[in-house]
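Peer 1: Got a structure for you, questions after.
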Amino acid sequence: MDPDRLIFAGSGDPEFAYRVAESLGDKLGRMSVSRFPDGEVSVKVEVNVRGRDCFVIQPTCPPVNENLLELMIIMDALRRSSVYRVTAVIPYYAYARQDRKDQPRVPITAKLVANLLARAGADRVLTMDLHAGQVQGFFDIPVDNLTAAPIFAKTVMALSLDGLVVASPDVGGVKKARSFARRLERLREEKGEVGRVDFAVVDKHRKSPDEVAALSIIGDVEGKHVVMIDDIVSTGGSLVEGAALLREQGAVDVVAVVTHPILAGDAAAKIEASSLEGLFVTDTIPLHEDVGGKIEVCSVAALFGAAIDAIYRNRSISKLFDGS
Ligand code: R5P
């Protein structure tokens, strides 16, 4: 007999966890998570979990370190309660951008976090659009890296734009942009439409963690509708600068699809004031209540639900991101 499945929510985004559980017809496992007066995390699992297949949903969004430590403490509690297996479901995996030693005397924090998660008791990790796919290699446990690309592709197709160009906001995102352009082409062919979806690249220079300059565009965007694709929008600088340059180079309009809306500081206001027509994001990170206007959320909760179900039943989950 398969062990029963139980889904738990950390305090990073309990509403998202609720939506995931609801998509499966499951109820969230009862657990209390609070803080001691000095700020230490206190966790108590309120149901019997012995022999259960447990999934802990916790995005490591701001407050990043609080959410990360809380996830580790929850997994420790489960592990010590004799569960069958723990899957850390991390819709947004923080620290993934610190994935290499690109200057002397800096850490590789993405690797450190991978070690900490496994040490805290994770048997598997389920996440989405890791900043770099190779971060999976930092783990010695299985990692399933979902992608929001199929959901974004449907969103873009619904805009019915002719003369589409997919643009990467930096050189590092070329593969992602090219793959998204191919996905859109396939969808257009399925609908009996013809027309290549080209791709372009913004040559971006990061002056500091919160300041970027878009230097030039590689590719032709004159008279085209441009869709920028990225994994993270943090300060918004890459999108705002990129969109401005794309418009300068003759793009008719520019929208963006970005998986993880960190939207730090005044990023949302910057986006509203920018030449971007719209920004589609997912719910891997909860948005502030006042965010709206140009920013629209495409939920990936059901996709996470389907992946959890596939893991639980030992079924393939590659069909969930086929062709990515
Ligand atoms: C960087 O390589 C990432 O893919 C994003 O482009 C970057 O994190 C976006 O940051 P910001 O919104 O601060 O420009």
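Letters for chains follow the order of the structure tokens (A, B, ...), residue numbers begin at 1 for each chain, and ligand numbers begin at 1 in the order shown.
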If you count only C-alpha atoms, which residues fall within 9 Å of Asn115 in chain A, apart from same-chain ones fewer than 6 positions away, as a ChimeraX atom specification?
Peer 2: /A:138-140
Peer 1: Around ligand 1, at most 8 Å away and counting only C-alpha atoms and all ligand atoms, which residues are there? Put them as a PDB file with C-alpha atoms, in the first residue's frame, please.
Peer 2:
ATOM      1  CA  ARG A  97      21.912  33.466  -8.798  1.00  0.00           C
ATOM      2  CA  HIS A 131      17.879  30.650 -12.409  1.00  0.00           C
ATOM      3  CA  PRO A 169      16.823  40.788 -21.357  1.00  0.00           C
ATOM      4  CA  ASP A 170      20.415  39.543 -21.177  1.00  0.00           C
ATOM      5  CA  GLY A 172      22.463  34.611 -20.158  1.00  0.00           C
ATOM      6  CA  GLY A 173      18.806  34.134 -21.109  1.00  0.00           C
ATOM      7  CA  PRO A 209      22.944  44.701  -7.922  1.00  0.00           C
ATOM      8  CA  ASP A 210      20.240  47.360  -8.313  1.00  0.00           C
ATOM      9  CA  GLU A 211      21.338  49.227 -11.441  1.00  0.00           C
ATOM     10  CA  VAL A 212      21.477  48.024 -15.027  1.00  0.00           C
ATOM     11  CA  ASP A 230      13.049  36.169 -17.810  1.00  0.00           C
ATOM     12  CA  ASP A 231      13.165  34.029 -14.679  1.00  0.00           C
ATOM     13  CA  ILE A 232      13.233  36.831 -12.097  1.00  0.00           C
ATOM     14  CA  VAL A 233      12.120  40.427 -11.866  1.00  0.00           C
ATOM     15  CA  SER A 234      13.862  41.935  -8.863  1.00  0.00           C
ATOM     16  CA  THR A 235      14.499  45.689  -9.123  1.00  0.00           C
ATOM     17  CA  GLY A 236      12.781  45.750 -12.512  1.00  0.00           C
ATOM     18  CA  GLY A 237      15.851  47.436 -14.033  1.00  0.00           C
ATOM     19  CA  SER A 238      16.456  44.756 -16.692  1.00  0.00           C
ATOM     20  CA  LEU A 239      12.862  44.895 -17.964  1.00  0.00           C
ATOM     21  CA  LEU A 263       9.582  43.122  -7.182  1.00  0.00           C
ATOM     22  CA  ALA A 267      10.098  47.849  -8.737  1.00  0.00           C
TER      23      ALA A 267
END
Peer 1: For Val254 in chain A, which residue among A:Val113, A:Met75, A:Val221, A:Cys54 is the nearest when counting only C-alpha atoms?
Peer 2: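 For Val254 in chain A, the nearest of the candidates is A:Val221.
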Peer 1: Would you mind telling me which residue in A:Gly39, A:Gly163, A:Gly250, A:Gly293 lies nearest to Ile271 in chain A when using only C-alpha atoms?
Peer 2: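 Of the candidates, the smallest distance to Ile271 in chain A is held by A:Gly293.
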Peer 1: Go ahead and compute the interatomic distance for CA of Asp290 in chain A and CA of Arg247 in chain A, in Å to one decimal.
Peer 2: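 About the pair CA of Asp290 in chain A and CA of Arg247 in chain A: they are 27.4 Å apart.
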Peer 1: Go through A:Val33, A:Ala306, A:Leu146, A:Leu164 and flag the residue nearest Ile90 in chain A, using only C-alpha atoms for the distances.
Peer 2: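 Checking each of A:Val33, A:Ala306, A:Leu146, A:Leu164 against Ile90 in chain A, counting only C-alpha atoms, the winner is A:Leu146.
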Peer 1: What's the separation between CA of Arg50 in chain A and CA of Leu24 in chain A, in Å to one decimal place?
Peer 2: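 These atoms are spaced 21.6 Å apart.
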Peer 1: What's around range 5-22 of chain A at 9 Å? Count only C-alpha atoms, leave out sequence neighbours fewer than 4 positions away in its own chain, and write the answer as a PyMOL selection string.
Peer 2: chain A and resi 26-31+33-34+49+52-64+66-68+70-71+74+283-286+300-306+308-309+312
Peer 1: Among range 35-128 of chain A, which residues carry a DSSP assignment of alpha helix (DSSP H), reported as a PyMOL selection string?
Peer 2: chain A and resi 64-79+109-120
Peer 1: Grab the residues selected above and save them as a PDB file, in the first residue's frame with C-alpha atoms.
Peer 2:
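New file part-v9.pdb:
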ATOM      1  CA  VAL A  64      14.397  34.978   2.353  1.00  0.00           C
ATOM      2  CA  ASN A  65      16.420  33.741   5.314  1.00  0.00           C
ATOM      3  CA  GLU A  66      13.401  33.464   7.612  1.00  0.00           C
ATOM      4  CA  ASN A  67      11.539  31.369   5.043  1.00  0.00           C
ATOM      5  CA  LEU A  68      14.549  29.213   4.290  1.00  0.00           C
ATOM      6  CA  LEU A  69      15.292  28.439   7.928  1.00  0.00           C
ATOM      7  CA  GLU A  70      11.629  27.810   8.653  1.00  0.00           C
ATOM      8  CA  LEU A  71      11.512  25.273   5.790  1.00  0.00           C
ATOM      9  CA  MET A  72      14.534  23.472   7.217  1.00  0.00           C
ATOM     10  CA  ILE A  73      13.044  23.391  10.705  1.00  0.00           C
ATOM     11  CA  ILE A  74       9.711  22.032   9.412  1.00  0.00           C
ATOM     12  CA  MET A  75      11.559  19.263   7.532  1.00  0.00           C
ATOM     13  CA  ASP A  76      13.552  18.440  10.661  1.00  0.00           C
ATOM     14  CA  ALA A  77      10.304  18.121  12.633  1.00  0.00           C
ATOM     15  CA  LEU A  78       8.862  15.774   9.993  1.00  0.00           C
ATOM     16  CA  ARG A  79      12.010  13.689   9.723  1.00  0.00           C
ATOM     17  CA  THR A 109      25.583  30.134  -1.874  1.00  0.00           C
ATOM     18  CA  ALA A 110      23.315  28.141  -4.206  1.00  0.00           C
ATOM     19  CA  LYS A 111      25.422  25.082  -3.357  1.00  0.00           C
ATOM     20  CA  LEU A 112      25.462  25.878   0.360  1.00  0.00           C
ATOM     21  CA  VAL A 113      21.649  26.123   0.386  1.00  0.00           C
ATOM     22  CA  ALA A 114      21.378  22.803  -1.490  1.00  0.00           C
ATOM     23  CA  ASN A 115      23.570  21.163   1.176  1.00  0.00           C
ATOM     24  CA  LEU A 116      21.515  22.696   3.989  1.00  0.00           C
ATOM     25  CA  LEU A 117      18.199  21.511   2.529  1.00  0.00           C
ATOM     26  CA  ALA A 118      19.404  17.937   2.108  1.00  0.00           C
ATOM     27  CA  ARG A 119      20.955  17.988   5.578  1.00  0.00           C
ATOM     28  CA  ALA A 120      17.684  19.249   7.075  1.00  0.00           C
TER      29      ALA A 120
END
Peer 1: Just the residues within 10 Å of Leu276 in chain A, please, counting only C-alpha atoms, with nothing from its chain fewer than 4 positions along; format it as a list in words.
Peer 2: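 Residues meeting the cut-off are Val226, Val227, Met228, Leu239, Val240, Glu241, Gly242, Ala243, Ala244, Leu246, Arg247, Asp253, Val254, Val255, Ala256, Lys270, Ile271, Glu272 and Lys294 of chain A.
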Peer 1: Smallest atom-to-atom distance to Val166 in chain A: which of A:Met128, A:Ile141, A:Ala251, A:Ala213, using only C-alpha atoms?
Peer 2: A:Ala251
Peer 1: How many Å lie between CA of Glu189 in chain A and CA of Val201 in chain A, rounded to one decimal?
Peer 2: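 Between these atoms lies a distance of 24.1 Å.
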Peer 1: Can you list, as a PDB file with C-alpha atoms, in the first residue's frame, every protein, DNA or RNA residue that comes within 7 Å of Ile218 in chain A when you count only C-alpha atoms, leaving out same-chain residues fewer than 2 positions away?
Peer 2:
ATOM      1  CA  ALA A 200      16.457  39.048 -30.015  1.00  0.00           C
ATOM      2  CA  VAL A 201      18.804  39.769 -27.131  1.00  0.00           C
ATOM      3  CA  VAL A 202      19.324  42.875 -25.048  1.00  0.00           C
ATOM      4  CA  SER A 216      22.324  47.455 -27.518  1.00  0.00           C
TER       5      SER A 216
END
Peer 1: Nearest to Val197 in chain A: which of A:Val258, A:Ala214, A:Val165, A:Val47 is it, counting only C-alpha atoms?
Peer 2: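 For Val197 in chain A, the nearest of the candidates is A:Val165.
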